[in-house]
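Student: Enclosed is the structure file entry-v8.cif (mmCIF, C-alpha atoms and all ligand atoms).
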```
data_run
loop_
_atom_site.group_PDB
_atom_site.id
_atom_site.type_symbol
_atom_site.label_atom_id
_atom_site.label_comp_id
_atom_site.auth_asym_id
_atom_site.auth_seq_id
_atom_site.Cartn_x
_atom_site.Cartn_y
_atom_site.Cartn_z
ATOM 1 C CA MET G 1 70.388 117.245 57.066
ATOM 2 C CA LEU G 2 69.086 113.806 57.974
ATOM 3 C CA HIS G 3 68.350 113.333 61.688
ATOM 4 C CA TYR G 4 68.517 109.947 63.373
ATOM 5 C CA VAL G 5 65.997 110.328 66.173
ATOM 6 C CA THR G 6 66.518 108.151 69.233
ATOM 7 C CA THR G 7 67.302 108.229 72.934
ATOM 8 C CA ASN G 8 69.193 104.922 72.659
ATOM 9 C CA PRO G 9 73.010 105.345 72.500
ATOM 10 C CA GLY G 10 73.415 101.730 71.330
ATOM 11 C CA LYS G 11 71.247 102.259 68.245
ATOM 12 C CA LEU G 12 73.005 105.542 67.515
ATOM 13 C CA ARG G 13 76.454 103.883 67.762
ATOM 14 C CA GLU G 14 75.471 101.292 65.173
ATOM 15 C CA ALA G 15 73.733 103.769 62.834
ATOM 16 C CA SER G 16 76.714 106.150 63.000
ATOM 17 C CA SER G 17 79.121 103.313 62.340
ATOM 18 C CA TYR G 18 77.172 102.540 59.139
ATOM 19 C CA LEU G 19 76.007 105.944 57.895
ATOM 20 C CA GLY G 20 78.840 108.098 59.291
ATOM 21 C CA GLU G 21 78.419 111.810 58.690
ATOM 22 C CA ALA G 22 75.258 111.358 56.618
ATOM 23 C CA ILE G 23 73.264 111.589 59.855
ATOM 24 C CA GLU G 24 73.044 113.888 62.809
ATOM 25 C CA SER G 25 71.643 112.519 66.023
ATOM 26 C CA TYR G 26 68.562 114.084 67.595
ATOM 27 C CA GLU G 27 67.557 113.010 71.082
ATOM 28 C CA TYR G 28 63.797 112.810 71.308
ATOM 29 C CA GLU G 29 61.463 110.170 72.724
ATOM 30 C CA TYR G 30 58.455 109.802 70.455
ATOM 31 C CA ALA G 31 55.327 108.040 71.703
ATOM 32 C CA GLU G 32 55.263 104.314 70.882
ATOM 33 C CA ILE G 33 51.767 103.326 69.756
ATOM 34 C CA GLN G 34 50.581 99.777 70.514
ATOM 35 C CA ALA G 35 50.575 97.470 67.492
ATOM 36 C CA LYS G 36 51.249 93.799 66.726
ATOM 37 C CA THR G 37 53.984 94.600 64.197
ATOM 38 C CA LEU G 38 56.860 97.092 64.195
ATOM 39 C CA GLU G 39 56.019 98.984 60.951
ATOM 40 C CA PRO G 40 53.046 101.021 62.245
ATOM 41 C CA ILE G 41 54.955 101.850 65.435
ATOM 42 C CA ALA G 42 57.975 103.079 63.460
ATOM 43 C CA ALA G 43 55.804 104.976 60.938
ATOM 44 C CA ALA G 44 53.853 106.803 63.674
ATOM 45 C CA GLY G 45 57.160 107.575 65.412
ATOM 46 C CA ALA G 46 58.667 108.971 62.195
ATOM 47 C CA ARG G 47 55.689 111.300 61.635
ATOM 48 C CA GLU G 48 55.844 112.545 65.228
ATOM 49 C CA ALA G 49 59.639 112.956 65.053
ATOM 50 C CA TYR G 50 59.341 114.929 61.801
ATOM 51 C CA ARG G 51 56.838 117.298 63.458
ATOM 52 C CA GLU G 52 59.306 117.765 66.326
ATOM 53 C CA VAL G 53 62.460 118.248 64.212
ATOM 54 C CA GLY G 54 61.044 119.943 61.098
ATOM 55 C CA GLU G 55 63.679 118.300 58.876
ATOM 56 C CA PRO G 56 64.068 114.774 57.391
ATOM 57 C CA VAL G 57 64.168 112.100 60.099
ATOM 58 C CA VAL G 58 64.796 108.392 60.510
ATOM 59 C CA VAL G 59 63.502 106.481 63.518
ATOM 60 C CA ASP G 60 64.418 102.924 64.460
ATOM 61 C CA ASP G 61 62.019 100.447 66.018
ATOM 62 C CA ALA G 62 63.288 96.976 66.872
ATOM 63 C CA GLY G 63 62.300 93.880 68.804
ATOM 64 C CA LEU G 64 63.168 90.300 69.677
ATOM 65 C CA PHE G 65 60.727 87.662 68.399
ATOM 66 C CA ILE G 66 61.046 84.230 70.070
ATOM 67 C CA ASP G 67 59.577 81.371 68.006
ATOM 68 C CA THR G 68 58.371 79.174 70.843
ATOM 69 C CA PHE G 69 56.482 82.108 72.387
ATOM 70 C CA ASP G 70 54.800 82.900 69.043
ATOM 71 C CA GLY G 71 56.992 85.949 68.563
ATOM 72 C CA PHE G 72 56.751 87.334 72.092
ATOM 73 C CA PRO G 73 58.089 89.796 73.273
ATOM 74 C CA GLY G 74 58.179 91.288 69.731
ATOM 75 C CA PRO G 75 56.662 94.793 69.813
ATOM 76 C CA TYR G 76 56.606 94.570 73.620
ATOM 77 C CA SER G 77 60.394 94.009 73.860
ATOM 78 C CA SER G 78 61.034 97.334 75.501
ATOM 79 C CA PHE G 79 58.386 96.806 78.186
ATOM 80 C CA VAL G 80 59.654 93.263 78.861
ATOM 81 C CA GLU G 81 63.271 94.449 79.174
ATOM 82 C CA GLU G 82 62.230 97.181 81.604
ATOM 83 C CA THR G 83 60.029 94.881 83.705
ATOM 84 C CA ILE G 84 61.359 91.298 83.972
ATOM 85 C CA GLY G 85 64.726 91.993 82.281
ATOM 86 C CA VAL G 86 66.926 90.194 79.774
ATOM 87 C CA ASP G 87 68.255 87.503 82.162
ATOM 88 C CA ARG G 88 64.698 86.443 82.987
ATOM 89 C CA VAL G 89 63.881 86.139 79.278
ATOM 90 C CA TRP G 90 66.779 83.675 79.021
ATOM 91 C CA GLU G 91 65.531 81.763 82.095
ATOM 92 C CA LEU G 92 62.042 81.471 80.603
ATOM 93 C CA THR G 93 63.477 80.195 77.307
ATOM 94 C CA GLU G 94 66.111 77.897 78.853
ATOM 95 C CA SER G 95 63.792 74.890 79.360
ATOM 96 C CA GLU G 96 62.354 75.083 75.828
ATOM 97 C CA THR G 97 63.688 72.668 73.188
ATOM 98 C CA ASN G 98 63.257 75.243 70.433
ATOM 99 C CA ARG G 99 65.187 78.410 71.294
ATOM 100 C CA ASP G 100 65.155 79.900 67.783
ATOM 101 C CA ALA G 101 64.431 83.611 67.614
ATOM 102 C CA GLU G 102 64.812 86.604 65.381
ATOM 103 C CA PHE G 103 65.631 90.242 65.793
ATOM 104 C CA ARG G 104 63.735 92.657 63.577
ATOM 105 C CA CYS G 105 64.466 96.301 62.941
ATOM 106 C CA VAL G 106 62.324 98.781 61.024
ATOM 107 C CA LEU G 107 63.805 102.119 59.974
ATOM 108 C CA ALA G 108 61.126 104.663 59.096
ATOM 109 C CA TYR G 109 61.986 107.772 57.065
ATOM 110 C CA CYS G 110 59.832 110.897 56.892
ATOM 111 C CA ASP G 111 60.720 114.199 55.228
ATOM 112 C CA GLY G 112 57.362 115.942 55.465
ATOM 113 C CA THR G 113 56.095 114.960 51.991
ATOM 114 C CA PRO G 114 52.300 114.517 52.119
ATOM 115 C CA ALA G 115 51.152 110.943 51.575
ATOM 116 C CA GLU G 116 49.630 110.285 48.135
ATOM 117 C CA ASP G 117 45.812 110.331 48.071
ATOM 118 C CA GLU G 118 45.691 111.887 51.521
ATOM 119 C CA SER G 119 43.909 115.157 52.024
ATOM 120 C CA ASP G 120 43.978 114.963 55.830
ATOM 121 C CA GLY G 121 47.596 116.030 56.201
ATOM 122 C CA THR G 122 49.037 112.527 56.697
ATOM 123 C CA LEU G 123 52.752 112.448 55.932
ATOM 124 C CA ALA G 124 54.376 109.834 53.714
ATOM 125 C CA VAL G 125 56.756 107.378 55.411
ATOM 126 C CA ASN G 126 59.173 104.884 53.827
ATOM 127 C CA CYS G 127 60.001 101.787 55.900
ATOM 128 C CA PHE G 128 63.093 99.554 55.606
ATOM 129 C CA THR G 129 63.164 96.232 57.434
ATOM 130 C CA GLY G 130 66.066 94.027 58.502
ATOM 131 C CA VAL G 131 65.761 90.579 60.069
ATOM 132 C CA VAL G 132 68.333 88.173 61.520
ATOM 133 C CA ARG G 133 67.656 84.711 62.841
ATOM 134 C CA GLY G 134 69.593 83.182 65.744
ATOM 135 C CA GLU G 135 69.179 81.412 69.040
ATOM 136 C CA ILE G 136 68.499 82.463 72.627
ATOM 137 C CA VAL G 137 71.428 81.452 74.865
ATOM 138 C CA ALA G 138 72.717 82.124 78.402
ATOM 139 C CA PRO G 139 74.008 85.717 78.602
ATOM 140 C CA ARG G 140 77.547 86.243 77.230
ATOM 141 C CA GLY G 141 79.530 89.337 76.290
ATOM 142 C CA THR G 142 79.795 92.903 77.454
ATOM 143 C CA GLY G 143 79.206 94.894 74.259
ATOM 144 C CA GLY G 144 76.006 95.912 72.491
ATOM 145 C CA PHE G 145 72.839 96.675 74.422
ATOM 146 C CA GLY G 146 69.404 95.315 75.257
ATOM 147 C CA TYR G 147 68.973 91.648 74.399
ATOM 148 C CA ASP G 148 72.381 91.336 72.677
ATOM 149 C CA PRO G 149 73.940 89.122 75.437
ATOM 150 C CA ILE G 150 71.286 86.402 74.972
ATOM 151 C CA PHE G 151 71.113 86.394 71.147
ATOM 152 C CA GLU G 152 73.617 84.080 69.439
ATOM 153 C CA TYR G 153 74.368 84.250 65.728
ATOM 154 C CA GLU G 154 76.865 81.828 64.165
ATOM 155 C CA GLY G 155 78.540 80.998 67.502
ATOM 156 C CA GLU G 156 78.793 84.483 68.978
ATOM 157 C CA THR G 157 76.324 86.607 70.872
ATOM 158 C CA PHE G 158 75.735 90.124 69.550
ATOM 159 C CA ALA G 159 77.228 91.382 72.839
ATOM 160 C CA GLU G 160 80.529 89.722 71.823
ATOM 161 C CA LEU G 161 80.739 91.737 68.590
ATOM 162 C CA THR G 162 81.966 95.260 67.865
ATOM 163 C CA PRO G 163 79.312 97.642 66.456
ATOM 164 C CA GLU G 164 80.925 97.199 63.005
ATOM 165 C CA ALA G 165 80.861 93.380 63.204
ATOM 166 C CA LYS G 166 77.286 93.427 64.515
ATOM 167 C CA ASN G 167 76.221 95.680 61.597
ATOM 168 C CA GLU G 168 77.593 93.137 59.124
ATOM 169 C CA CYS G 169 75.010 90.561 60.140
ATOM 170 C CA SER G 170 72.394 92.231 62.322
ATOM 171 C CA HIS G 171 68.782 93.212 61.744
ATOM 172 C CA ARG G 172 69.805 96.876 62.121
ATOM 173 C CA GLY G 173 72.771 96.502 59.732
ATOM 174 C CA ARG G 174 70.458 94.935 57.137
ATOM 175 C CA ALA G 175 67.820 97.658 57.554
ATOM 176 C CA LEU G 176 70.555 100.324 57.341
ATOM 177 C CA ALA G 177 71.915 98.773 54.123
ATOM 178 C CA SER G 178 68.483 98.773 52.532
ATOM 179 C CA PHE G 179 67.784 102.356 53.689
ATOM 180 C CA ALA G 180 71.222 103.607 52.515
ATOM 181 C CA ALA G 181 70.778 102.097 49.021
ATOM 182 C CA TRP G 182 67.362 103.785 48.673
ATOM 183 C CA TYR G 183 68.541 107.110 50.151
ATOM 184 C CA ASP G 184 71.565 107.233 47.803
ATOM 185 C CA ASP G 185 69.153 106.915 44.871
ATOM 186 C CA GLN G 186 67.038 109.885 46.007
HETATM 187 P P1 LIG B 201 62.842 99.934 70.740
HETATM 188 O O1 LIG B 201 63.130 99.785 69.292
HETATM 189 O O2 LIG B 201 63.600 101.092 71.317
HETATM 190 O O3 LIG B 201 61.378 99.958 71.040
HETATM 191 O O4 LIG B 201 63.489 98.682 71.430
HETATM 192 C C1 LIG B 201 62.752 97.566 71.817
HETATM 193 C C2 LIG B 201 63.563 96.716 72.751
HETATM 194 O O5 LIG B 201 64.462 95.945 71.984
HETATM 195 C C3 LIG B 201 64.385 97.463 73.788
HETATM 196 O O6 LIG B 201 64.299 96.696 74.979
HETATM 197 C C4 LIG B 201 65.787 97.444 73.218
HETATM 198 O O7 LIG B 201 66.773 97.431 74.219
HETATM 199 C C5 LIG B 201 65.781 96.157 72.440
HETATM 200 N N1 LIG B 201 66.622 96.234 71.251
HETATM 201 C C6 LIG B 201 66.441 97.032 70.165
HETATM 202 N N2 LIG B 201 67.426 96.831 69.280
HETATM 203 C C7 LIG B 201 68.235 95.907 69.820
HETATM 204 C C8 LIG B 201 69.447 95.316 69.377
HETATM 205 O O8 LIG B 201 70.000 95.611 68.316
HETATM 206 N N3 LIG B 201 69.986 94.420 70.212
HETATM 207 C C9 LIG B 201 69.433 94.081 71.411
HETATM 208 N N4 LIG B 201 68.327 94.599 71.868
HETATM 209 C C10 LIG B 201 67.715 95.520 71.075
#
```
Show me the file's structure as structure tokens.
Tutor:
Amino acid sequence: MLHYVTTNPGKLREASSYLGEAIESYEYEYAEIQAKTLEPIAAAGAREAYREVGEPVVVDDAGLFIDTFDGFPGPYSSFVEETIGVDRVWELTESETNRDAEFRCVLAYCDGTPAEDESDGTLAVNCFTGVVRGEIVAPRGTGGFGYDPIFEYEGETFAELTPEAKNECSHRGRALASFAAWYDDQ
């Protein structure tokens, strides 16, 4: 069985809406290492989650990258949401002329297979990335989670979309599509 490892109900809702019964949720908070990109964070999380679960796992690491702040908060999105909050991120961006931003999501899969050319016990991980570009706007909408109310894509914020509609265009939906195509082939 494939386990989708997260403590975030919003991520789980979207993954379940896409992958249905192919996944079983597993609530576990893996340590997030510090890195400038999402891939190493997701890969380390997948290895730790596999050691916890003992069966194939997928973990999901995501972030909001704002152009005018050179990609900040990016890998620090979680810390920024917990400290200053989403409304404050909008306020900081409001006076900028360029409010372009992108969401990125990396899904990392680990099933315990040793990595090639590794004799130190490192486990292989496959990463699948999804990106969506949009604009930071004043908060709107009551759905979604995290930064969804301030991220607008083609006239609607992600918080104004159902999980299914968000999956059709979102970073997570794109990463899920790429993962599902690969997983079906296995
Ligand atoms: P993490 O992937 O759990 O580390 O999430 C990083 C931060 O991005 C957290 O503050 C999440 O709430 C936020 N986040 C992750 N995915 C999404 C999304 O799809 N929409 C809005 N915020 C997200």
Student: Evaluate the PyMOL selection byres (((chain G and resi 101-104) around 8) and not hetatm) and record the selected residues as a tab-separated table (two decimals) with C-alpha atoms, in the coordinates of the input, following the chain and residue labels used in the document.
Tutor:
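Writing the result to selection_11.tsv gives the following:
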```tsv
chain	number	residue	atom	x	y	z
G	62	ALA	CA	63.29	96.98	66.87
G	63	GLY	CA	62.30	93.88	68.80
G	64	LEU	CA	63.17	90.30	69.68
G	65	PHE	CA	60.73	87.66	68.40
G	66	ILE	CA	61.05	84.23	70.07
G	67	ASP	CA	59.58	81.37	68.01
G	71	GLY	CA	56.99	85.95	68.56
G	99	ARG	CA	65.19	78.41	71.29
G	100	ASP	CA	65.16	79.90	67.78
G	105	CYS	CA	64.47	96.30	62.94
G	106	VAL	CA	62.32	98.78	61.02
G	129	THR	CA	63.16	96.23	57.43
G	130	GLY	CA	66.07	94.03	58.50
G	131	VAL	CA	65.76	90.58	60.07
G	132	VAL	CA	68.33	88.17	61.52
G	133	ARG	CA	67.66	84.71	62.84
G	134	GLY	CA	69.59	83.18	65.74
G	135	GLU	CA	69.18	81.41	69.04
G	136	ILE	CA	68.50	82.46	72.63
G	170	SER	CA	72.39	92.23	62.32
G	171	HIS	CA	68.78	93.21	61.74
G	172	ARG	CA	69.81	96.88	62.12
```
Student: Given the file shown, enumerate the residues that the PyMOL selection byres (((chain G and resi 160) around 8) and not hetatm) captures and present them as an NGL selection string.
Tutor: :G and (140-144 or 149 or 156-159 or 161-162)
Student: Compare G:Glu116, G:Asp61, G:Glu82, G:Glu154 by their minimum atom-to-atom distance to ligand LIG 201 (chain B), counting all atoms listed in the file, and give me the closest one.
Tutor: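 With all atoms listed in the file as the atom set, the closest residue is G:Asp61.
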Student: If you take only C-alpha atoms and a cut-off of 10 Å, which residues of segment 66-107 of chain G touch segment 23-36 of chain G, and what are their nearest atom pairs and distances in Å to one decimal, in chain and number order, as CSV?
Tutor:
```
residue,atom,partner,partner_atom,distance
G:Gly71,CA,G:Lys36,CA,9.9
G:Gly74,CA,G:Lys36,CA,8.0
G:Pro75,CA,G:Lys36,CA,6.3
G:Tyr76,CA,G:Gln34,CA,8.5
```
Student: Nearest to Ala175 of chain G: which of G:Tyr18, G:Phe145, G:Trp90, G:Phe69 is it, counting only C-alpha atoms?
Tutor: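 Checking each candidate against Ala175 of chain G, we get G:Tyr18 as the closest.
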Student: Leaving out Asn126 of chain G and any residue of its chain fewer than 4 positions from it, which residues lie within 9 Å of it when counting only C-alpha atoms, given as a ChimeraX atom specification?
Tutor: /G:43,107-110,179
Student: Check the smallest atom-to-atom distance from each of G:Asp117, G:His3, G:Ala124, G:Phe79 to Ala15 of chain G using only C-alpha atoms, then report the winner.
Tutor: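 With only C-alpha atoms as the atom set, the closest residue is G:His3.
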Student: Distance atom N2 of ligand LIG 201 (chain B)-atom CA of Arg51 of chain G, one decimal place?
Tutor: 23.8 Å
Student: Could you give me the centre and size, in Å to one decimal, of an axis-aligned box around all listed atoms of ligand LIG 201 (chain B) with 4 Å added on every side, as JSON?
Tutor:
```
{"center_x": 65.7, "center_y": 97.6, "center_z": 71.6, "size_x": 16.6, "size_y": 15.0, "size_z": 14.7}
```
Student: Can you translate the PyMOL selection byres (((chain G and resi 87) around 9) and not hetatm) into the concrete residues it hits in this file, as a list in words?
Tutor: Ile84, Gly85, Val86, Arg88, Val89, Trp90, Glu91, Leu92, Ala138, Pro139, Tyr147, Pro149 and Ile150 of chain G
Student: Just how far from atom CA of Val80 of chain G is atom CA of Lys11 of chain G, in Å to one decimal?
Tutor: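 The value is 18.1 Å.
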Student: Calculate how many Å separate atom CA of Val5 of chain G from atom CA of Gly54 of chain G, rounding to one decimal.
Tutor: 11.9 Å
